[in-house]
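Since the structure comes first, as structure tokens, the remarks are kept for the end.
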Amino acid sequence: MRISTLLFLGMAASCFAYGSVWEWGDYERRYVENDTWGPGERLVFSVEYGIIKAGTATLSVTGPVDHEGLLAYRITAEARSNPAFSSFFEVRDVNEALLDIVQLHSLTYMKSLQEGDYSNSEEMYFDQEAGFAYYPDEDDPDLAVMPIPPHALDVLSAFFYARTRELVPGENFSIDVHVDNDNYPMEVRVLGRERIRTRAGSFNCIQLQPVLRGEGLFNQQGEIFIWVTDDDRHMPVLMSASIVIGEITCMLEEYTTGTPLEVENPFQ
């Protein structure tokens, strides 16, 4: 049994079917306005398997930090199982991304996963203008340098980018994601409005559903839903996914709001 909180926090991009191919256009610099989230934001979730609290997950934003002359947000996702759950299935996951503050595309991504007997670590670096992602620890030279679509996003940054979009029920959109040496288009369906009660309070929310554009694991086994606040923050408060052995949810327990950075458009 493998339970990864990043299935939620990364908008489920890690479960795409391999081999998806589509045409993308040329790279052009862009400015993405972000009045939604910023440094100082910290969200704490209870990770629950049925009626059992399996552990805790946190999402945090810090920065800005300098990356090769570019300013970036540092986004960190951590998941840890509690002592009782760890006695038969221990989870110790850390995922971190640097996201360009002007163009909101990925600059770096790293993950260190320990889930039961499974472990995996990886680093990748994005050269957006050249159109490639680099894997410094990849042994296969054919996989060490991979082409990417313009403004590609890693699994963690994809969720934060989605939050900056205008979310109107019935108006869906697509995000180009790069993960595990391959590229995948993900459709985000914007569903209806709903009042959600959590341990951190009750919130008016919009329900989102990430959908795979190809045959993938969760197409066969269940659906993923994410509820974000129906305000300027689009803060996630509840995430739910069906898997073979049941349902996993992440429910907001506590939160600290951040302050969006004032970023001017340098391309005008």
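Chains: A, B, ... in order of the structure tokens. Residues: from 1 per chain. Ligands: from 1, in order shown.
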Would you kindly return, as a list of chain:residue names, each protein, DNA or RNA residue with an atom no farther than 10 Å from any atom of segment 85-87 of chain A, considering only C-alpha atoms and excluding same-chain residues fewer than 2 positions away?
A:Ile52, A:Lys53, A:Ala54, A:Gly55, A:Arg80, A:Ser81, A:Asn82, A:Pro83, A:Phe89, A:Glu90, A:Val91, A:Arg92, A:Glu115, A:Gly116
Saved selection, atoms kept: C-alpha atoms, as a CSV table (one decimal), in the first residue's frame:
```csv
chain,number,residue,atom,x,y,z
A,52,ILE,CA,-8.2,6.9,11.0
A,53,LYS,CA,-6.0,9.9,11.2
A,54,ALA,CA,-2.9,8.8,9.4
A,55,GLY,CA,-0.8,11.9,9.8
A,80,ARG,CA,4.4,12.7,8.0
A,81,SER,CA,2.5,9.8,9.4
A,82,ASN,CA,1.7,9.8,13.1
A,83,PRO,CA,3.3,7.3,15.5
A,89,PHE,CA,3.2,2.2,7.3
A,90,GLU,CA,5.6,5.2,7.8
A,91,VAL,CA,5.4,8.2,5.6
A,92,ARG,CA,8.1,10.9,5.5
A,115,GLU,CA,6.4,5.6,2.2
A,116,GLY,CA,6.5,2.2,3.8
```
DSSP on the backbone, then: every residue of segment 83-129 of chain A marked strand (DSSP E), written as a PyMOL selection string.
chain A and resi 92-100+106-115+118-127
Residues of the last selection are to be written out with N, CA and C atoms, as a tab-separated table (two decimals), in the first residue's frame.
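And here's part09.tsv as it stands now:
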```tsv
chain	number	residue	atom	x	y	z
A	92	ARG	N	7.28	9.72	5.29
A	92	ARG	CA	8.13	10.88	5.53
A	92	ARG	C	8.44	11.49	4.16
A	93	ASP	N	7.61	12.42	3.72
A	93	ASP	CA	7.74	13.01	2.39
A	93	ASP	C	8.09	14.49	2.49
A	94	VAL	N	9.01	14.93	1.65
A	94	VAL	CA	9.32	16.35	1.50
A	94	VAL	C	9.39	16.66	0.01
A	95	ASN	N	8.68	17.69	-0.40
A	95	ASN	CA	8.70	18.15	-1.79
A	95	ASN	C	8.90	19.65	-1.78
A	96	GLU	N	9.75	20.14	-2.65
A	96	GLU	CA	10.04	21.58	-2.65
A	96	GLU	C	10.24	22.06	-4.08
A	97	ALA	N	9.70	23.24	-4.36
A	97	ALA	CA	9.79	23.82	-5.70
A	97	ALA	C	10.14	25.29	-5.61
A	98	LEU	N	10.87	25.77	-6.60
A	98	LEU	CA	11.08	27.20	-6.80
A	98	LEU	C	10.27	27.62	-8.02
A	99	LEU	N	9.45	28.65	-7.83
A	99	LEU	CA	8.51	29.11	-8.85
A	99	LEU	C	8.80	30.57	-9.16
A	100	ASP	N	9.11	30.86	-10.41
A	100	ASP	CA	9.46	32.22	-10.83
A	100	ASP	C	8.33	33.18	-10.47
A	106	SER	N	8.01	26.76	-13.35
A	106	SER	CA	8.95	26.07	-12.47
A	106	SER	C	10.39	26.40	-12.82
A	107	LEU	N	11.21	26.55	-11.76
A	107	LEU	CA	12.65	26.72	-11.91
A	107	LEU	C	13.40	25.49	-11.40
A	108	THR	N	12.98	24.97	-10.27
A	108	THR	CA	13.55	23.73	-9.74
A	108	THR	C	12.46	22.94	-9.03
A	109	TYR	N	12.71	21.65	-8.87
A	109	TYR	CA	11.80	20.80	-8.11
A	109	TYR	C	12.61	19.66	-7.51
A	110	MET	N	12.36	19.35	-6.26
A	110	MET	CA	12.99	18.19	-5.62
A	110	MET	C	11.97	17.45	-4.78
A	111	LYS	N	12.18	16.14	-4.68
A	111	LYS	CA	11.32	15.35	-3.80
A	111	LYS	C	12.17	14.32	-3.08
A	112	SER	N	11.78	14.04	-1.85
A	112	SER	CA	12.38	12.98	-1.05
A	112	SER	C	11.24	12.23	-0.39
A	113	LEU	N	10.95	11.03	-0.87
A	113	LEU	CA	9.78	10.28	-0.44
A	113	LEU	C	10.20	9.02	0.31
A	114	GLN	N	9.56	8.80	1.44
A	114	GLN	CA	9.71	7.56	2.18
A	114	GLN	C	8.32	7.12	2.59
A	115	GLU	N	7.81	6.08	1.94
A	115	GLU	CA	6.44	5.63	2.16
A	115	GLU	C	6.46	4.12	2.31
A	118	TYR	N	8.80	1.85	0.21
A	118	TYR	CA	9.13	2.61	-0.99
A	118	TYR	C	9.88	3.88	-0.62
A	119	SER	N	10.94	4.16	-1.35
A	119	SER	CA	11.66	5.43	-1.19
A	119	SER	C	12.12	5.92	-2.54
A	120	ASN	N	12.18	7.22	-2.68
A	120	ASN	CA	12.60	7.80	-3.95
A	120	ASN	C	13.01	9.26	-3.71
A	121	SER	N	14.06	9.68	-4.35
A	121	SER	CA	14.47	11.08	-4.29
A	121	SER	C	14.84	11.51	-5.70
A	122	GLU	N	14.64	12.80	-5.95
A	122	GLU	CA	14.87	13.30	-7.31
A	122	GLU	C	15.03	14.80	-7.28
A	123	GLU	N	15.86	15.32	-8.18
A	123	GLU	CA	15.99	16.75	-8.40
A	123	GLU	C	15.84	17.01	-9.89
A	124	MET	N	15.21	18.13	-10.22
A	124	MET	CA	15.20	18.55	-11.62
A	124	MET	C	15.26	20.07	-11.70
A	125	TYR	N	15.88	20.52	-12.77
A	125	TYR	CA	16.09	21.95	-13.01
A	125	TYR	C	15.49	22.30	-14.36
A	126	PHE	N	14.77	23.40	-14.40
A	126	PHE	CA	14.06	23.81	-15.61
A	126	PHE	C	14.80	24.97	-16.29
A	127	ASP	N	15.11	24.81	-17.57
A	127	ASP	CA	15.55	25.93	-18.40
A	127	ASP	C	14.37	26.26	-19.31
```
Give me the residues near Leu208 of chain A as a list in words, where near means some atom within 9 Å (using only C-alpha atoms) and where sequence neighbours in that chain fewer than 2 positions away do not count.
Leu167, Pro169, Val188, Arg189, Val190, Leu191, Gly192, Ile206, Pro210, Ile224, Phe225, Ile226, Trp227 and Val228 of chain A
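Comparing A:Thr249, A:Gln207, A:Thr76, A:Gln128 by their smallest distance to Val47 of chain A, the closest is A:Thr249 (using only C-alpha atoms).
For the atom pair formed by atom CA of Phe45 of chain A and atom CA of Arg233 of chain A, the distance is 16.9 Å, given to one decimal.
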When you look at Thr229 of chain A with a cut-off of 10 Å (counting only C-alpha atoms), what residues show up, excluding the ones that are within fewer than 4 positions of it in the same chain? I need them as an MDAnalysis selection string.
chainID A and resid 163 193:196 202:207 233:238
Please return as number ranges by chain: the residues of segment 104-152 of chain A that backbone DSSP assigns to helix (DSSP H, G or I).
A: 141-144
Counting only C-alpha atoms, which residue out of A:Arg165, A:Gly201, A:Ser60, A:Tyr27 sits closest to Arg42 of chain A?
A:Ser60
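Once Trp37 of chain A and its same-chain neighbours fewer than 6 positions away are set aside, Arg233, Gly258, Thr259 and Pro260 of chain A remain within 7 Å of it when counting only C-alpha atoms.
Taking atom CA of Ile248 of chain A as the reference point, atom CA of Tyr49 of chain A is found at 4.7 Å.
Shell of Val179 of chain A at 7 Å, with only C-alpha atoms counted and residues fewer than 3 places along the chain excluded, is Ser14, Asp154, Val155, Asp182 and Asn183 of chain A.
Using only C-alpha atoms, the smallest distance between any of A:His67, A:Arg199, A:His178, A:Arg74 and His151 of chain A comes from A:His178.
Residue nearest Leu104 of chain A within the list A:Glu253, A:Glu41, A:Thr56, A:Leu71: A:Leu71 [criterion: smallest interatomic distance, only C-alpha atoms].
Atom CA of Glu254 of chain A is positioned 5.2 Å from atom CA of Ala200 of chain A.
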Give me the residues within 6 Å of Phe132 of chain A as a PyMOL selection string, counting only C-alpha atoms and dropping any in the same chain fewer than 6 places off.
chain A and resi 146-148
Can you write just those residues out, N, CA and C atoms, as a PDB file, in the first residue's frame?
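So result.pdb came out as:
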```
ATOM      1  N   MET A 146      15.219  16.491 -20.874  1.00  0.00           N
ATOM      2  CA  MET A 146      13.917  16.237 -21.485  1.00  0.00           C
ATOM      3  C   MET A 146      13.293  17.539 -21.991  1.00  0.00           C
ATOM      4  N   PRO A 147      12.697  17.518 -23.184  1.00  0.00           N
ATOM      5  CA  PRO A 147      11.990  18.715 -23.665  1.00  0.00           C
ATOM      6  C   PRO A 147      10.748  18.971 -22.828  1.00  0.00           C
ATOM      7  N   ILE A 148      10.395  20.238 -22.674  1.00  0.00           N
ATOM      8  CA  ILE A 148       9.209  20.616 -21.908  1.00  0.00           C
ATOM      9  C   ILE A 148       8.383  21.619 -22.707  1.00  0.00           C
TER      10      ILE A 148
END
```
